[in-house]
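Novice: Take a look at this one; I'll ask things after.
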Amino acid sequence: MNPMPFSRRQMLRSVSAGFGYTALAGITAQAAAEESSKSSQPAGPLAPKKPHFAPKAKRVIFLCMRGGPSHMETFDPKPKLLADTGKPGRNKNAKLLGSKWKFNKHGESGLEVVDLLPETAKQADKLCVLRGMHTDNENHPQALEQMHTGSFQFIRPSLGSWTLYGLGTENQDLPGFISINPLTSLGGLRYYSSAFLPAAYSASLLGDANRPSRNPTIGNLTNPRLTADGQRQQLDLLQAMNRDLLKQGEDARVEGLIESYELAFRMQDALPKVMDVASESKATIAKYNAEETFGRQCLLARRFAEAGVRFIEVTHTDWDHHGFLNTLMPKNCTAIDKPIAALLDDLKERGLLDDTLVVWGGEFGRTPDDATTDGRGHNNKGYSMWLAGGGVKAGFVHGATDEYGYEAIDGKVHTHDLHATILHLLGLDHEKLTYRYGGRDFRLTDVKGRVVKEILT
């Protein structure tokens, strides 16, 4: 990129200091009007795009359970493990540990759900449970990064970013990819990054999982020094200079900056309205348990989906139960149970579930054996996730782990397969959704992945 001429540096410095638009020379009223007209049109990288084929889902809500929920205590009952509790396990100095909580069959499908999740169990006939999940790494940062981006070895775009790149978004006044209370430590920002894709496809982050808030927000949504009209005039000047730079040669950084400035301006009015839950009834607030952090996140997820946001991620942490399983498992299940059931009910009642894909799960599962008898280790070889809505079979179980739950043995679904299936449900061919960077065509699933057709309607 060529350096900015000194006169333009001066103008930019003046604008940044908040001086009035009319006092600045070099930009005519006609040019400003043209910039304003451009900014109001639904064009650019976030404009809606046609999928490769007819989609079953228009949007995704990903309920990310950071830490790895135990499949033996949620959606994969193991009677043999329970019967052999106390016997030597595969791991040295560890003994088999059966679940202390019962499973029961629910709904017309008879899908088995642990008693710790009574409200979610009522949604059994909406769930498609994948019991044969597996991934490549048993360390949290690497497994989380692969779950989000398909790779733990290199920085790659997030699943949400690929979704935006392929489809754009329906509401040009809101971000197309939102992560609520995201993970920001241990390399977490990479989970939501657009990496080498244009910057416009990165997630907008609301809050921080390290400091979870019932009212997560984006900082600096308001400008204490300028009115909306003043900000529009200021932005028109900046965008005119940015586009002038682009005439000297394409630069993805400048293009991303232009789009992010415009989106930020539009968000100032639209985002607070969507996030204001005051219009929700007391019954809805109670149903979601929205006075608590995770409940509020799920309610916001429904509101964002309703408003046309393409990809929404909600985070609950921490499911890393190496110890205190007997205390932490009931606590975490209680925190997510009502909100998730309310979300599925609400989406169904509003006619949104059919074209919204809800995904629940963590980066891996837990081991069937333990040295403490009150915890479980990491297990990337076999675990459970579930999907609902958006073109997947309802009240359905696919795959299985062995009789103790150590590893997937049937209907195996790798992270790459899950990503390929999610994109397929959105109308995108994971082998055709590519981006040329560094001399090669990259895709979310790299050179792997298959669509799990067994779970599709």
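Chain labels A, B, ... are given in the sequence in which chains occur in the structure tokens; within each chain residues are numbered consecutively from 1, and ligands are likewise numbered from 1 in the order shown.
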Which residues, written as a PyMOL selection string, have at least one atom at most 6 Å from Leu81 in chain A, with only C-alpha atoms counted and residues fewer than 2 positions away on the same chain left out?
Specialist: chain A and resi 78-79+83-84+98+404
Novice: Write out as a ChimeraX atom specification each polymer residue whose atoms come within 8 Å of Thr367 in chain A, counting only C-alpha atoms; drop sequence neighbours fewer than 2 positions from it.
Specialist: /A:70,365,369-370,376-379,405-406
Novice: In terms of the shortest atom-to-atom distance over only C-alpha atoms, which of A:His414, A:His106, A:Lys453, A:His321 is closest to Ala124 in chain A?
Specialist: A:His106
Novice: Residues of range 180-346 of chain A in alpha helix (DSSP H) according to DSSP, as a ChimeraX atom specification?
Specialist: /A:228-246,252-275,282-288,293-307,325-346
Novice: Counting only C-alpha atoms, which of A:Gly132, A:Tyr201, A:Glu407, A:Asn380 gets nearest to Arg90 in chain A?
Specialist: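 Smallest separation from Arg90 in chain A among the options: A:Glu407.
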Novice: For Gly375 in chain A, list every protein, DNA or RNA residue within 12 Å, evaluated using only C-alpha atoms, and leave out those in the same chain fewer than 2 positions away; present the list as a compact mmCIF listing (two decimals) with N, CA and C atoms, in the first residue's frame.
Specialist:
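After the write, result-v9.txt holds the following:
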```txt
# COMPACT_ATOMS: atom_id res chain seq x y z
N PRO A 69 -18.15 -31.88 27.55
CA PRO A 69 -19.15 -32.56 28.39
C PRO A 69 -18.99 -34.07 28.32
N SER A 70 -19.20 -34.74 29.43
CA SER A 70 -19.13 -36.20 29.48
C SER A 70 -20.32 -36.80 28.75
N MET A 72 -21.07 -39.90 28.85
CA MET A 72 -21.67 -40.91 29.74
C MET A 72 -22.65 -40.29 30.73
N GLU A 73 -22.62 -38.98 30.87
CA GLU A 73 -23.53 -38.28 31.79
C GLU A 73 -24.52 -37.39 31.07
N ALA A 94 -6.15 -46.05 36.95
CA ALA A 94 -7.53 -45.55 36.90
C ALA A 94 -8.50 -46.72 36.93
N LYS A 95 -9.67 -46.46 37.51
CA LYS A 95 -10.71 -47.48 37.58
C LYS A 95 -11.95 -47.01 36.83
N LEU A 96 -12.70 -47.99 36.33
CA LEU A 96 -13.94 -47.66 35.62
C LEU A 96 -14.91 -46.95 36.56
N LEU A 97 -15.59 -45.96 35.97
CA LEU A 97 -16.50 -45.14 36.77
C LEU A 97 -17.82 -44.97 36.02
N GLY A 98 -18.85 -45.68 36.48
CA GLY A 98 -20.17 -45.54 35.88
C GLY A 98 -20.85 -44.27 36.32
N SER A 99 -21.81 -43.83 35.54
CA SER A 99 -22.53 -42.61 35.88
C SER A 99 -23.38 -42.79 37.14
N LYS A 100 -23.43 -41.77 37.95
CA LYS A 100 -24.24 -41.78 39.15
C LYS A 100 -25.68 -41.34 38.88
N TRP A 319 -16.79 -27.19 31.33
CA TRP A 319 -17.16 -28.60 31.43
C TRP A 319 -15.93 -29.48 31.60
N ASP A 320 -14.85 -28.92 32.04
CA ASP A 320 -13.59 -29.66 32.19
C ASP A 320 -13.55 -30.32 33.57
N HIS A 321 -14.29 -31.41 33.72
CA HIS A 321 -14.54 -32.01 35.03
C HIS A 321 -13.52 -33.09 35.38
N HIS A 322 -12.29 -32.68 35.63
CA HIS A 322 -11.29 -33.63 36.11
C HIS A 322 -11.56 -34.03 37.55
N GLY A 323 -12.21 -33.17 38.27
CA GLY A 323 -12.58 -33.44 39.66
C GLY A 323 -13.92 -32.81 39.96
N PHE A 324 -14.47 -33.16 41.11
CA PHE A 324 -15.75 -32.60 41.56
C PHE A 324 -16.88 -32.84 40.56
N LEU A 325 -16.81 -33.98 39.88
CA LEU A 325 -17.84 -34.33 38.91
C LEU A 325 -19.23 -34.36 39.55
N ASN A 326 -19.31 -34.91 40.75
CA ASN A 326 -20.60 -35.06 41.42
C ASN A 326 -21.25 -33.73 41.74
N THR A 327 -20.44 -32.69 41.87
CA THR A 327 -20.97 -31.35 42.16
C THR A 327 -21.16 -30.54 40.89
N LEU A 328 -20.17 -30.57 40.00
CA LEU A 328 -20.16 -29.69 38.84
C LEU A 328 -21.10 -30.15 37.73
N MET A 329 -21.26 -31.46 37.57
CA MET A 329 -22.13 -31.94 36.50
C MET A 329 -23.58 -31.50 36.71
N ARG A 366 -15.23 -37.29 27.53
CA ARG A 366 -14.50 -37.63 28.75
C ARG A 366 -14.25 -39.14 28.80
N THR A 367 -13.32 -39.52 29.65
CA THR A 367 -12.93 -40.93 29.77
C THR A 367 -13.87 -41.70 30.69
N PRO A 368 -14.05 -43.00 30.45
CA PRO A 368 -14.89 -43.82 31.33
C PRO A 368 -14.20 -44.20 32.63
N ASP A 369 -12.89 -43.98 32.71
CA ASP A 369 -12.18 -44.35 33.93
C ASP A 369 -11.54 -43.12 34.58
N ASP A 370 -11.21 -43.27 35.87
CA ASP A 370 -10.69 -42.12 36.61
C ASP A 370 -9.96 -42.61 37.85
N ALA A 371 -8.97 -41.85 38.25
CA ALA A 371 -8.19 -42.24 39.44
C ALA A 371 -8.80 -41.70 40.73
N THR A 372 -9.69 -40.72 40.62
CA THR A 372 -10.23 -40.07 41.83
C THR A 372 -11.63 -40.54 42.19
N THR A 373 -12.32 -41.20 41.27
CA THR A 373 -13.73 -41.61 41.39
C THR A 373 -14.67 -40.40 41.46
N GLY A 377 -11.14 -37.78 32.61
CA GLY A 377 -10.11 -37.18 31.78
C GLY A 377 -10.61 -36.82 30.39
N HIS A 378 -9.72 -36.30 29.56
CA HIS A 378 -10.04 -35.91 28.19
C HIS A 378 -10.18 -37.14 27.31
```
Novice: Going by DSSP on the backbone, which bits of range 22-175 of chain A are strand (DSSP E or B)? Write them as a list of chain:residue names, please.
Specialist: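 Written out, the strand (DSSP E or B) residues of range 22-175 of chain A are A:Arg59, A:Val60, A:Ile61, A:Phe62, A:Leu63, A:Cys64, A:Met65, A:Arg66, A:Pro88, A:Lys95, A:Leu96, A:Phe103, A:Asn104, A:Lys105, A:His106, A:Leu111, A:Glu112, A:Val113, A:Val114, A:Leu127, A:Cys128, A:Val129, A:Leu130, A:Arg131, A:Gly132, A:Met133, A:His134.
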Novice: Could you save those same residues with C-alpha atoms as a CSV table (one decimal), in the first residue's frame?
Specialist:
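Listing of selection16.csv after writing:
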```csv
chain,number,residue,atom,x,y,z
A,59,ARG,CA,-28.8,-20.0,9.8
A,60,VAL,CA,-26.9,-21.7,12.6
A,61,ILE,CA,-27.0,-21.4,16.3
A,62,PHE,CA,-23.9,-23.2,17.9
A,63,LEU,CA,-24.2,-23.9,21.6
A,64,CYS,CA,-20.6,-24.4,22.5
A,65,MET,CA,-19.9,-26.3,25.7
A,66,ARG,CA,-16.3,-25.5,26.3
A,88,PRO,CA,-9.4,-51.6,36.3
A,95,LYS,CA,-10.7,-47.5,37.6
A,96,LEU,CA,-13.9,-47.7,35.6
A,103,PHE,CA,-31.0,-42.4,31.9
A,104,ASN,CA,-34.6,-42.7,30.7
A,105,LYS,CA,-36.3,-42.9,27.3
A,106,HIS,CA,-38.3,-39.9,26.2
A,111,LEU,CA,-34.3,-41.2,22.8
A,112,GLU,CA,-32.3,-41.7,26.0
A,113,VAL,CA,-31.3,-38.6,28.0
A,114,VAL,CA,-29.8,-38.3,31.5
A,127,LEU,CA,-32.8,-34.0,18.7
A,128,CYS,CA,-30.5,-35.8,16.3
A,129,VAL,CA,-27.8,-37.2,18.6
A,130,LEU,CA,-24.4,-38.1,17.2
A,131,ARG,CA,-22.8,-40.7,19.5
A,132,GLY,CA,-19.9,-41.5,17.3
A,133,MET,CA,-18.0,-38.2,17.3
A,134,HIS,CA,-14.2,-38.1,17.3
```
Novice: Show me, as a PyMOL selection string, the residues that have an atom within 10 Å of His424 in chain A when counting only C-alpha atoms, minus same-chain residues fewer than 3 positions from it.
Specialist: chain A and resi 51-57+391+418-421+427-430+450-453+456
Novice: Choose the residue, out of A:Trp162, A:Phe304, A:Tyr191, A:Tyr383, that has the smallest atom-to-atom separation from Lys432 in chain A; count only C-alpha atoms.
Specialist: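 Of the candidates, the smallest distance to Lys432 in chain A is held by A:Trp162.
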